[in-house]
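**Student:** Next comes the structure file start_23.txt, holding compact mmCIF, C-alpha atoms.
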# COMPACT_ATOMS: atom_id res chain seq x y z
CA MET A 237 -103.95 -91.54 155.83
CA THR A 238 -103.39 -94.22 153.21
CA SER A 239 -105.61 -92.68 150.57
CA MET A 240 -104.33 -89.19 151.32
CA THR A 241 -100.80 -90.02 150.33
CA ASP A 242 -101.88 -91.19 146.85
CA MET A 243 -103.81 -88.03 146.07
CA ILE A 244 -100.81 -85.69 146.16
CA ASN A 245 -99.89 -84.34 142.74
CA HIS A 246 -97.21 -81.76 143.48
CA HIS A 247 -94.01 -82.97 145.12
CA LEU A 248 -90.66 -81.75 146.47
CA THR A 249 -87.70 -81.23 144.11
CA ASP A 250 -84.68 -83.57 144.16
CA ALA A 251 -82.44 -80.69 145.27
CA LEU A 252 -84.60 -80.01 148.35
CA LEU A 253 -84.79 -83.69 149.29
CA MET A 254 -81.05 -84.15 148.91
CA ALA A 255 -80.25 -81.05 150.96
CA TYR A 256 -82.72 -82.15 153.67
CA SER A 257 -81.11 -85.60 153.72
CA ALA A 258 -77.65 -84.06 153.90
CA GLY A 259 -78.80 -81.81 156.75
CA THR A 260 -77.84 -78.54 155.06
CA LEU A 261 -81.25 -76.88 154.67
CA PRO A 262 -82.17 -73.94 156.90
CA GLU A 263 -84.50 -75.01 159.72
CA ALA A 264 -87.50 -73.20 158.17
CA PHE A 265 -87.19 -75.21 154.93
CA SER A 266 -86.57 -78.42 156.85
CA LEU A 267 -89.92 -77.94 158.59
CA ALA A 268 -91.73 -77.62 155.25
CA VAL A 269 -89.92 -80.69 153.85
CA ALA A 270 -90.56 -82.79 157.00
CA THR A 271 -94.23 -81.81 156.93
CA HIS A 272 -94.71 -82.75 153.27
CA VAL A 273 -92.87 -86.06 153.80
CA SER A 274 -95.19 -86.79 156.74
CA MET A 275 -98.10 -86.63 154.26
CA CYS A 276 -96.48 -88.14 151.14
CA ASP A 277 -95.09 -91.68 150.92
CA GLU A 278 -93.72 -91.01 147.45
CA CYS A 279 -91.38 -88.30 148.78
CA ARG A 280 -90.71 -90.36 151.92
CA ALA A 281 -89.38 -93.12 149.65
CA ARG A 282 -87.36 -90.62 147.58
CA LEU A 283 -85.92 -89.20 150.81
CA GLY A 284 -85.05 -92.76 151.88
CA ALA A 285 -83.06 -93.10 148.64
CA TYR A 286 -81.09 -89.94 149.42
CA ASP A 287 -80.48 -91.15 152.98
CA THR A 288 -79.08 -94.34 151.39
CA VAL A 289 -76.61 -92.13 149.49
CA GLY A 290 -75.56 -90.63 152.84
CA GLY A 291 -75.22 -94.12 154.34
CA ALA A 292 -73.02 -95.25 151.45
CA LEU A 293 -70.79 -92.19 151.85
CA LEU A 294 -70.49 -92.89 155.58
CA ASP A 295 -69.72 -96.57 155.05
CA GLU A 296 -67.07 -95.88 152.39
CA SER A 297 -65.55 -92.93 154.18
CA GLU A 298 -62.23 -92.75 155.93
CA THR A 299 -62.09 -93.49 159.65
CA ALA A 300 -60.95 -91.47 162.66
CA THR A 301 -59.43 -93.17 165.70
CA MET A 302 -61.67 -93.24 168.76
CA GLU A 303 -60.23 -92.33 172.15
CA PRO A 304 -59.15 -95.20 174.45
CA GLY A 305 -62.08 -96.28 176.64
CA SER A 306 -64.59 -94.82 174.19
CA LEU A 307 -66.81 -97.91 174.07
CA GLU A 308 -66.94 -98.14 177.86
CA ALA A 309 -67.77 -94.42 178.09
CA THR A 310 -70.62 -94.93 175.60
CA LEU A 311 -71.99 -97.90 177.57
CA ALA A 312 -71.90 -95.74 180.72
CA LEU A 313 -73.77 -93.02 178.83
CA ILE A 314 -76.44 -95.56 177.86
CA ALA A 315 -76.76 -96.88 181.43
CA GLY A 316 -77.08 -93.33 182.78
CA SER A 317 -79.79 -92.25 180.36
CA GLU A 318 -81.83 -95.40 180.93
CA GLU A 319 -81.97 -94.58 184.62
CA ALA A 320 -83.11 -91.04 183.82
CA ARG A 321 -85.69 -92.17 181.28
CA GLY A 322 -87.92 -93.80 183.89
CA ALA A 323 -88.66 -90.38 185.38
CA THR A 324 -89.90 -88.51 182.32
CA ALA A 325 -93.20 -88.92 180.51
CA PRO A 326 -93.11 -88.96 176.70
CA CYS A 327 -94.13 -85.70 175.04
CA GLN A 328 -97.58 -85.86 173.44
CA VAL A 329 -97.37 -82.67 171.38
CA GLY A 330 -95.91 -84.47 168.38
CA SER A 331 -98.95 -86.55 167.47
CA THR A 332 -100.79 -85.69 164.30
CA ASP A 333 -104.31 -84.30 163.76
CA ASP A 334 -106.59 -83.61 160.80
CA VAL A 335 -104.87 -80.37 159.78
CA PHE A 336 -101.38 -80.36 161.27
CA PRO A 337 -98.95 -83.24 160.76
CA ALA A 338 -96.66 -83.93 163.74
CA PRO A 339 -93.79 -81.56 162.73
CA VAL A 340 -96.16 -78.55 162.55
CA ARG A 341 -97.80 -79.50 165.85
CA ASP A 342 -94.34 -79.49 167.40
CA TYR A 343 -93.62 -75.93 166.26
CA VAL A 344 -97.11 -74.60 167.06
CA GLY A 345 -97.12 -76.34 170.42
CA GLY A 346 -100.51 -77.88 169.69
CA GLY A 347 -103.25 -77.84 167.06
CA LEU A 348 -105.12 -75.30 164.96
CA ASP A 349 -106.75 -73.70 168.04
CA ASP A 350 -103.31 -72.97 169.52
CA VAL A 351 -102.03 -70.87 166.59
CA LYS A 352 -101.43 -67.21 167.46
CA TRP A 353 -102.71 -65.61 164.26
CA ARG A 354 -102.04 -61.99 163.30
CA PRO A 355 -104.15 -60.30 160.65
CA ILE A 356 -102.28 -58.97 157.61
CA GLY A 357 -105.29 -57.58 155.70
CA MET A 358 -108.20 -58.82 153.54
CA GLY A 359 -109.03 -61.43 156.14
CA VAL A 360 -105.64 -63.09 155.63
CA LYS A 361 -103.86 -64.11 158.83
CA GLN A 362 -100.34 -65.33 159.46
CA ALA A 363 -98.30 -66.87 162.25
CA ILE A 364 -94.52 -66.93 161.96
CA LEU A 365 -93.06 -70.08 163.54
CA PRO A 366 -89.80 -69.75 165.51
CA THR A 367 -86.75 -71.07 163.65
CA VAL A 368 -83.07 -70.14 163.45
CA GLY A 369 -81.13 -69.43 160.26
CA ASP A 370 -81.50 -67.38 157.10
CA ALA A 371 -85.05 -68.42 156.27
CA GLU A 372 -88.55 -67.94 157.61
CA VAL A 373 -91.56 -70.20 157.87
CA ARG A 374 -95.13 -69.12 158.54
CA LEU A 375 -98.65 -70.47 158.62
CA LEU A 376 -101.05 -68.59 156.37
CA HIS A 377 -104.83 -68.59 156.70
CA ILE A 378 -106.50 -67.34 153.51
CA PRO A 379 -110.31 -67.03 153.37
CA ALA A 380 -112.04 -68.97 150.58
CA GLY A 381 -111.82 -67.15 147.25
CA VAL A 382 -109.32 -64.54 148.45
CA ALA A 383 -105.93 -63.96 146.80
CA MET A 384 -102.77 -64.22 148.83
CA PRO A 385 -101.45 -60.72 149.54
CA ASP A 386 -99.05 -59.51 146.87
CA HIS A 387 -95.55 -60.33 148.03
CA GLY A 388 -92.06 -60.44 146.69
CA HIS A 389 -89.53 -63.16 147.46
CA THR A 390 -85.91 -63.06 146.46
CA GLY A 391 -85.13 -66.74 146.77
CA THR A 392 -86.93 -70.06 146.84
CA GLU A 393 -90.40 -70.23 148.35
CA ILE A 394 -92.05 -73.51 149.35
CA THR A 395 -95.81 -73.42 149.92
CA LEU A 396 -97.46 -76.54 151.34
CA VAL A 397 -101.25 -76.83 151.61
CA LEU A 398 -102.56 -78.16 154.93
CA LYS A 399 -106.26 -77.40 154.50
CA GLY A 400 -108.45 -76.32 151.57
CA ALA A 401 -106.73 -75.57 148.28
CA PHE A 402 -105.25 -72.75 146.23
CA ILE A 403 -105.04 -72.11 142.53
CA ASP A 404 -101.97 -70.66 140.85
CA ASP A 405 -102.00 -70.14 137.07
CA GLN A 406 -103.35 -73.43 135.73
CA ASP A 407 -102.56 -75.64 138.69
CA ARG A 408 -104.63 -76.51 141.71
CA PHE A 409 -102.83 -77.31 144.96
CA ALA A 410 -104.80 -79.29 147.56
CA ARG A 411 -103.91 -80.74 150.95
CA GLY A 412 -100.42 -82.26 150.85
CA ASP A 413 -99.45 -80.57 147.58
CA VAL A 414 -96.34 -78.43 147.62
CA GLU A 415 -95.42 -75.59 145.26
CA VAL A 416 -91.72 -74.83 144.90
CA ALA A 417 -91.21 -71.38 143.36
CA ASP A 418 -88.00 -69.52 142.72
CA GLU A 419 -87.62 -65.74 142.33
CA LYS A 420 -88.41 -65.99 138.63
CA VAL A 421 -91.94 -67.17 139.33
CA ASN A 422 -94.38 -64.30 139.56
CA HIS A 423 -97.31 -66.05 141.11
CA THR A 424 -100.58 -65.06 142.67
CA PRO A 425 -102.04 -67.94 144.59
CA VAL A 426 -105.78 -67.64 145.18
CA ALA A 427 -107.60 -69.72 147.78
CA ASP A 428 -110.14 -72.05 146.22
CA ILE A 429 -113.77 -71.05 146.68
CA GLY A 430 -114.82 -74.16 148.61
CA GLU A 431 -113.24 -73.45 151.99
CA ASP A 432 -110.58 -71.39 153.75
CA CYS A 433 -107.03 -72.37 152.88
CA ILE A 434 -104.27 -72.97 155.42
CA CYS A 435 -100.71 -73.20 154.11
CA LEU A 436 -97.24 -73.59 155.50
CA ALA A 437 -94.89 -71.28 153.58
CA ALA A 438 -91.08 -71.25 153.87
CA THR A 439 -89.11 -68.42 152.27
CA GLU A 440 -85.40 -67.87 151.89
CA ALA A 441 -85.44 -64.18 152.78
CA PRO A 442 -88.00 -62.57 155.08
CA LEU A 443 -91.26 -62.16 153.19
CA LYS A 444 -92.15 -58.57 152.33
CA PHE A 445 -95.80 -57.85 151.85
CA LYS A 446 -96.11 -54.82 149.60
CA GLY A 447 -97.64 -52.13 151.79
CA LEU A 448 -100.09 -52.48 154.61
CA MET A 449 -103.07 -53.05 152.33
CA PRO A 450 -102.92 -55.90 149.88
CA ARG A 451 -104.01 -55.05 146.37
CA ILE A 452 -107.69 -54.86 145.54
CA ALA A 453 -109.68 -57.88 146.52
CA GLN A 454 -110.23 -60.37 143.78
CA PRO A 455 -112.90 -62.77 144.88
CA PHE A 456 -112.09 -65.77 142.81
CA LEU A 457 -114.85 -67.47 140.86
CA ARG A 458 -113.96 -70.74 139.26
CA ILE A 459 -115.85 -71.41 136.03
CA MET B 177 -74.11 -113.21 148.46
CA THR B 178 -71.23 -110.76 148.35
CA ALA B 179 -68.92 -110.07 151.29
CA LYS B 180 -70.42 -106.61 151.57
CA ASN B 181 -73.92 -108.04 151.65
CA GLU B 182 -72.93 -110.49 154.37
CA GLU B 183 -71.54 -107.58 156.33
CA ASN B 184 -74.75 -105.56 155.94
CA THR B 185 -76.81 -108.55 157.05
CA GLU B 186 -74.58 -108.92 160.09
CA TRP B 187 -75.17 -105.30 161.12
CA VAL B 188 -78.92 -105.86 160.86
CA THR B 189 -78.58 -108.90 163.14
CA CYS B 190 -76.42 -106.95 165.60
CA ILE B 191 -79.00 -104.14 165.89
CA ALA B 192 -81.74 -106.73 166.49
CA ARG B 193 -79.56 -108.28 169.26
CA VAL B 194 -79.15 -104.88 170.87
CA ARG B 195 -82.89 -104.26 170.63
CA ASP B 196 -84.04 -107.68 171.88
CA ALA B 197 -81.31 -108.67 174.35
CA GLN B 198 -79.33 -105.51 175.16
CA ASP B 199 -76.40 -107.48 173.75
CA LYS B 200 -73.17 -105.62 174.57
CA ALA B 201 -70.99 -107.83 172.35
CA ALA B 202 -73.19 -107.07 169.33
CA PHE B 203 -73.04 -103.39 170.24
CA ALA B 204 -69.25 -103.56 170.47
CA ARG B 205 -69.10 -104.96 166.91
CA LEU B 206 -71.27 -102.11 165.60
CA PHE B 207 -69.18 -99.64 167.57
CA ALA B 208 -65.87 -100.93 166.17
CA HIS B 209 -67.10 -100.50 162.59
CA PHE B 210 -69.27 -97.40 162.72
CA ALA B 211 -67.91 -95.16 165.50
CA PRO B 212 -64.62 -94.33 163.65
CA ARG B 213 -66.64 -93.55 160.49
CA VAL B 214 -69.14 -91.36 162.31
CA LYS B 215 -66.26 -89.52 163.97
CA ALA B 216 -64.55 -88.91 160.61
CA PHE B 217 -67.88 -87.76 159.11
CA LEU B 218 -68.36 -85.24 161.94
CA MET B 219 -64.78 -83.97 161.62
CA ARG B 220 -65.21 -83.49 157.86
CA SER B 221 -68.37 -81.54 158.63
CA GLY B 222 -66.40 -79.11 160.80
CA ALA B 223 -66.27 -80.56 164.33
CA ASP B 224 -62.93 -80.59 166.16
CA ALA B 225 -61.60 -83.94 167.45
CA ALA B 226 -62.94 -83.52 171.01
CA MET B 227 -66.41 -82.53 169.87
CA ALA B 228 -66.50 -85.28 167.23
CA GLU B 229 -65.53 -87.85 169.89
CA GLU B 230 -68.27 -86.69 172.25
CA CYS B 231 -70.92 -86.53 169.51
CA THR B 232 -69.95 -89.97 168.18
CA GLN B 233 -70.47 -91.50 171.63
CA GLU B 234 -73.90 -89.84 171.73
CA VAL B 235 -74.74 -91.12 168.24
CA MET B 236 -73.82 -94.67 169.23
CA ALA B 237 -75.82 -94.35 172.47
CA THR B 238 -78.82 -93.24 170.37
CA LEU B 239 -78.39 -96.36 168.24
CA TRP B 240 -78.84 -98.45 171.40
CA GLN B 241 -81.80 -96.45 172.66
CA LYS B 242 -83.66 -96.30 169.34
CA ALA B 243 -82.84 -99.78 168.08
CA HIS B 244 -86.59 -100.59 168.11
CA LEU B 245 -87.15 -97.89 165.45
CA PHE B 246 -84.71 -99.42 162.96
CA ASP B 247 -86.59 -100.97 160.02
CA PRO B 248 -84.20 -103.09 157.91
CA ALA B 249 -86.80 -103.27 155.11
CA ARG B 250 -86.44 -99.50 154.68
CA ALA B 251 -82.77 -98.79 155.45
CA SER B 252 -79.38 -100.43 155.81
CA ALA B 253 -77.58 -100.06 159.14
CA ALA B 254 -75.17 -97.56 157.54
CA THR B 255 -78.09 -95.47 156.25
CA TRP B 256 -79.85 -95.44 159.60
CA ILE B 257 -76.66 -94.56 161.50
CA PHE B 258 -75.96 -91.83 158.95
CA THR B 259 -79.33 -90.21 159.75
CA ILE B 260 -78.59 -90.27 163.49
CA ALA B 261 -75.11 -88.76 162.92
CA ARG B 262 -76.53 -86.10 160.59
CA ASN B 263 -79.13 -85.09 163.19
CA ARG B 264 -76.46 -84.83 165.87
CA LYS B 265 -74.38 -82.70 163.48
CA ILE B 266 -77.24 -80.24 162.93
CA ASP B 267 -77.90 -80.01 166.64
CA ALA B 268 -74.28 -79.67 167.79
CA LEU B 269 -72.65 -77.80 164.90
CA ARG B 270 -75.45 -75.71 163.47
CA LYS B 271 -77.29 -75.17 166.76
CA ALA B 272 -80.58 -75.67 164.97
CA ARG B 273 -83.48 -78.03 165.50
CA ARG B 274 -84.11 -80.77 163.01
CA PRO B 275 -87.82 -81.10 162.19
CA GLU B 276 -88.40 -84.79 161.45
CA PRO B 277 -91.24 -86.35 159.47
CA GLU B 278 -93.81 -88.21 161.48
CA GLU B 279 -92.51 -91.76 161.93
CA VAL B 280 -94.11 -94.73 160.19
CA ILE B 281 -93.46 -97.39 162.78
CA TRP B 282 -93.69 -101.11 162.20
CA GLY B 283 -95.87 -102.79 164.77
CA PRO B 284 -94.69 -105.82 166.75
CA ASP B 285 -96.66 -108.18 164.47
CA GLU B 286 -95.56 -106.57 161.25
CA SER B 287 -91.88 -107.40 161.23
CA PRO B 288 -90.63 -107.48 157.64
CA ASP B 289 -89.68 -110.92 156.33
CA GLN B 290 -86.11 -111.94 155.55
CA ALA B 291 -86.55 -111.71 151.76
CA GLU B 292 -87.66 -108.10 152.05
CA ILE B 293 -84.73 -107.23 154.30
CA LEU B 294 -82.24 -108.96 152.02
CA ALA B 295 -83.64 -107.19 148.94
CA LEU B 296 -83.31 -103.77 150.59
CA GLN B 297 -79.77 -104.50 151.76
CA GLN B 298 -78.85 -105.60 148.22
CA GLU B 299 -80.32 -102.46 146.68
CA SER B 300 -78.36 -100.33 149.17
CA GLU B 301 -75.22 -102.17 148.17
CA LYS B 302 -75.93 -101.67 144.45
CA LEU B 303 -76.38 -97.95 145.00
CA ALA B 304 -73.07 -97.78 146.90
CA GLU B 305 -71.34 -99.60 144.01
CA ALA B 306 -72.89 -97.25 141.47
CA MET B 307 -71.59 -94.31 143.48
CA THR B 308 -68.02 -95.56 143.43
CA ALA B 309 -68.34 -95.93 139.65
CA LEU B 310 -69.41 -92.31 139.16
CA PRO B 311 -67.04 -89.89 137.40
CA GLU B 312 -64.75 -88.26 139.97
CA LYS B 313 -66.19 -84.78 139.41
CA GLN B 314 -69.74 -85.91 140.04
CA ARG B 315 -68.83 -87.94 143.11
CA ALA B 316 -66.98 -84.93 144.51
CA LEU B 317 -70.12 -82.83 144.08
CA ILE B 318 -72.24 -85.36 145.98
CA GLU B 319 -69.66 -85.53 148.77
CA LYS B 320 -69.67 -81.77 148.95
CA ALA B 321 -73.47 -81.77 149.21
CA TYR B 322 -73.35 -84.21 152.17
CA PHE B 323 -70.16 -83.21 153.97
CA GLY B 324 -69.87 -79.57 153.06
CA ASP B 325 -72.44 -76.85 152.92
CA LEU B 326 -73.59 -76.83 149.33
CA SER B 327 -76.91 -74.96 149.40
CA HIS B 328 -79.97 -76.63 147.92
CA SER B 329 -79.96 -74.19 145.00
CA GLU B 330 -76.36 -75.18 144.23
CA ILE B 331 -77.31 -78.86 144.07
CA ALA B 332 -77.99 -79.76 140.47
CA GLU B 333 -81.45 -81.19 139.86
CA GLN B 334 -79.93 -84.15 138.02
CA THR B 335 -77.28 -85.83 140.13
CA GLY B 336 -77.16 -88.87 137.87
CA LEU B 337 -77.63 -91.18 140.83
CA PRO B 338 -79.56 -94.37 140.08
CA LEU B 339 -82.10 -93.93 142.87
CA GLY B 340 -85.09 -95.55 141.17
CA THR B 341 -84.76 -99.12 142.40
CA ILE B 342 -83.89 -98.31 146.01
CA LYS B 343 -86.78 -95.83 146.03
CA SER B 344 -89.19 -98.52 144.77
CA ARG B 345 -87.98 -100.91 147.48
CA ILE B 346 -88.57 -98.35 150.21
CA ARG B 347 -91.96 -97.49 148.71
CA LEU B 348 -92.97 -101.17 148.87
CA ALA B 349 -91.92 -101.35 152.52
CA LEU B 350 -93.96 -98.23 153.30
CA ASP B 351 -97.01 -99.64 151.50
CA ARG B 352 -96.73 -102.78 153.60
CA LEU B 353 -96.67 -100.68 156.78
CA ARG B 354 -99.59 -98.52 155.67
CA HIS B 355 -101.56 -101.63 154.77
CA ALA B 356 -100.80 -103.22 158.13
CA MET B 357 -102.02 -100.12 159.94
CA LYS B 358 -105.43 -100.07 158.25
Starting from the coordinates I provided, produce the structure as C-alpha cells.

**Tutor:**
Amino acid sequence: MTSMTDMINHHLTDALLMAYSAGTLPEAFSLAVATHVSMCDECRARLGAYDTVGGALLDESETATMEPGSLEATLALIAGSEEARGATAPCQVGSTDDVFPAPVRDYVGGGLDDVKWRPIGMGVKQAILPTVGDAEVRLLHIPAGVAMPDHGHTGTEITLVLKGAFIDDQDRFARGDVEVADEKVNHTPVADIGEDCICLAATEAPLKFKGLMPRIAQPFLRI
Amino acid sequence: MTAKNEENTEWVTCIARVRDAQDKAAFARLFAHFAPRVKAFLMRSGADAAMAEECTQEVMATLWQKAHLFDPARASAATWIFTIARNRKIDALRKARRPEPEEVIWGPDESPDQAEILALQQESEKLAEAMTALPEKQRALIEKAYFGDLSHSEIAEQTGLPLGTIKSRIRLALDRLRHAMK
C-alpha cells in the first residue's frame, strides 16, 4: 500500500478535488474521486487542504440560533443510538482487496468475482454501478491489447485504472492513475499488452458506444 | 500563540475529552460554538430552519460517535466538523450517497505528538487568515463553490488559495501513519 501510493503519476484536477470537498459533485464522479484518493496519498493530502478551506468557511461563517433544548435533544439522540449500536454488527463489505479499494467494493457489494459484467463487444465487458444524479459510473474490463470501444462523451470523463494499464497517445496509465478528459479530448485508450485492464470510468452524460460493434480490432503492439 | 490558535487547541482537547471520557461539558462547549455555524451552513446550502436544526443535531451526535476517528495532525476541529456537516447535507438535501475514501486510521499507539498537532492547527489558521485577505470577488467565488452549487467545470483551476503548506503538513501526517502501519 505504501509503495503503491508513490507510483501514481496521473492525478485528479484541483477543480474536481474542490468540488468533491464542497460536496457538489454528482455521486458517480464522487465515487471515482473517493476511489483514487483511497489509492493516492498525494491527492488525499490535497483533498485535506480543500477540506481545510471548508472548515475555515464554516468557522468564519455567520451563526443561526439553535432551538431551546437543542443540546439536550442531541444528548438524547446520542444515548439512543448507543443503545441501538450494541445490536448491529459492523458491515464488512467496505474493506479493501487487491483490485477494488473500499469505495468500489461498497458499490459492487463485494470483490471482482461479484461484478455482474455485460459484454459490449470485442471481449470488452462493462458493469454500470448504481448512482443517482446526472452522471454515470461503470467498471470496464478490456482484454490485454484491445482498444476501448469507440465512444463519444459530451462532458468530463474520469477514467481510473484499477488493474493492468492502458495507453492513450503518449501516456501510460497504470493502477491508481487517473485520466481526466473533457469533450475536446478525442482519445482512444488501448489496454496494455501485459494483462487485462480494469477501469472505473465516470462520465457526465450517459456514455454512447457508437453502434453495436466497436470499430475494427486493433491489437496493440508496443515497440 | 494567537487567540485563534488557543481556541483551535481547545477544540482538539474537547474532542479528546468526548472520546476518552464521554465528557458532556466538553461536548457542550463544542456544541455552543459549532452547532449555530453548522446550522447556518446548512441553511445557506438550501435547508429550511426545521431541517437545518434536525440535521445539525445529527451532525453533532456524529461528532460524539466518531470522536475516535478525529486526527488532529490531519485536520482542525472546524475542518473535521465541516466534513461531517457536508456529508449530512449531501444525504439530506441531495438525497445521494457520499462515497468516502478508505480511512487511514491512526492506531492506539500512534497518536500524533503535540508539536505535530500544533503545527497543523497553525497551518489551518494561516490558511483561514489568507482567505480573509483574498480579494472580495475571489472569496465570493470560493464561497459559492462550497455553499452554492457551482459545478466542477465552473470552478477555475487556479483559485489562488495558498494550499501548499497545509497540504505538506497533511502529507507528513499521512506518511507517519503509513509508516506506522508497515

**Student:** What are the residues of chain B that have an atom within 6 Å of an atom of chain A, counting all atoms listed in the file, as a PyMOL selection string?

**Tutor:** chain B and resi 212-213+215-216+233+237+254-255+258+275-278+304+322+328+331+333+339+342-343+346-347

**Student:** Of the residues B:Ile257, B:Cys231, B:Ser329, B:Val188, which is the one nearest to Glu440 in chain A, using all atoms listed in the file?

**Tutor:** B:Ser329

**Student:** Go ahead and compute the interatomic distance for CA of Ala197 in chain B and CA of Thr238 in chain B, in Å to one decimal.

**Tutor:**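 Atom-to-atom, CA of Ala197 in chain B to CA of Thr238 in chain B, that is 16.1 Å.
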
**Student:** Considering all atoms listed in the file, state which residue in the set B:Thr308, B:Arg315, B:Ala321, B:Leu218 is at the smallest distance from Asp267 in chain B.

**Tutor:**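 Nearest candidate to Asp267 in chain B out of B:Thr308, B:Arg315, B:Ala321, B:Leu218: B:Leu218.
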
**Student:** Would you please work out which residue, of A:Glu393, A:Lys361, A:Ile429, A:His423, is nearest to Asp405 in chain A when using all atoms listed in the file?

**Tutor:**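 Ranking A:Glu393, A:Lys361, A:Ile429, A:His423 by distance to Asp405 in chain A, first place goes to A:His423.
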
**Student:** Could you work out how far CA of Val235 in chain B lies from CA of Ala223 in chain B, giving the answer in Å with one decimal?

**Tutor:**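 Between CA of Ala223 in chain B and CA of Val235 in chain B the gap works out to 14.1 Å.
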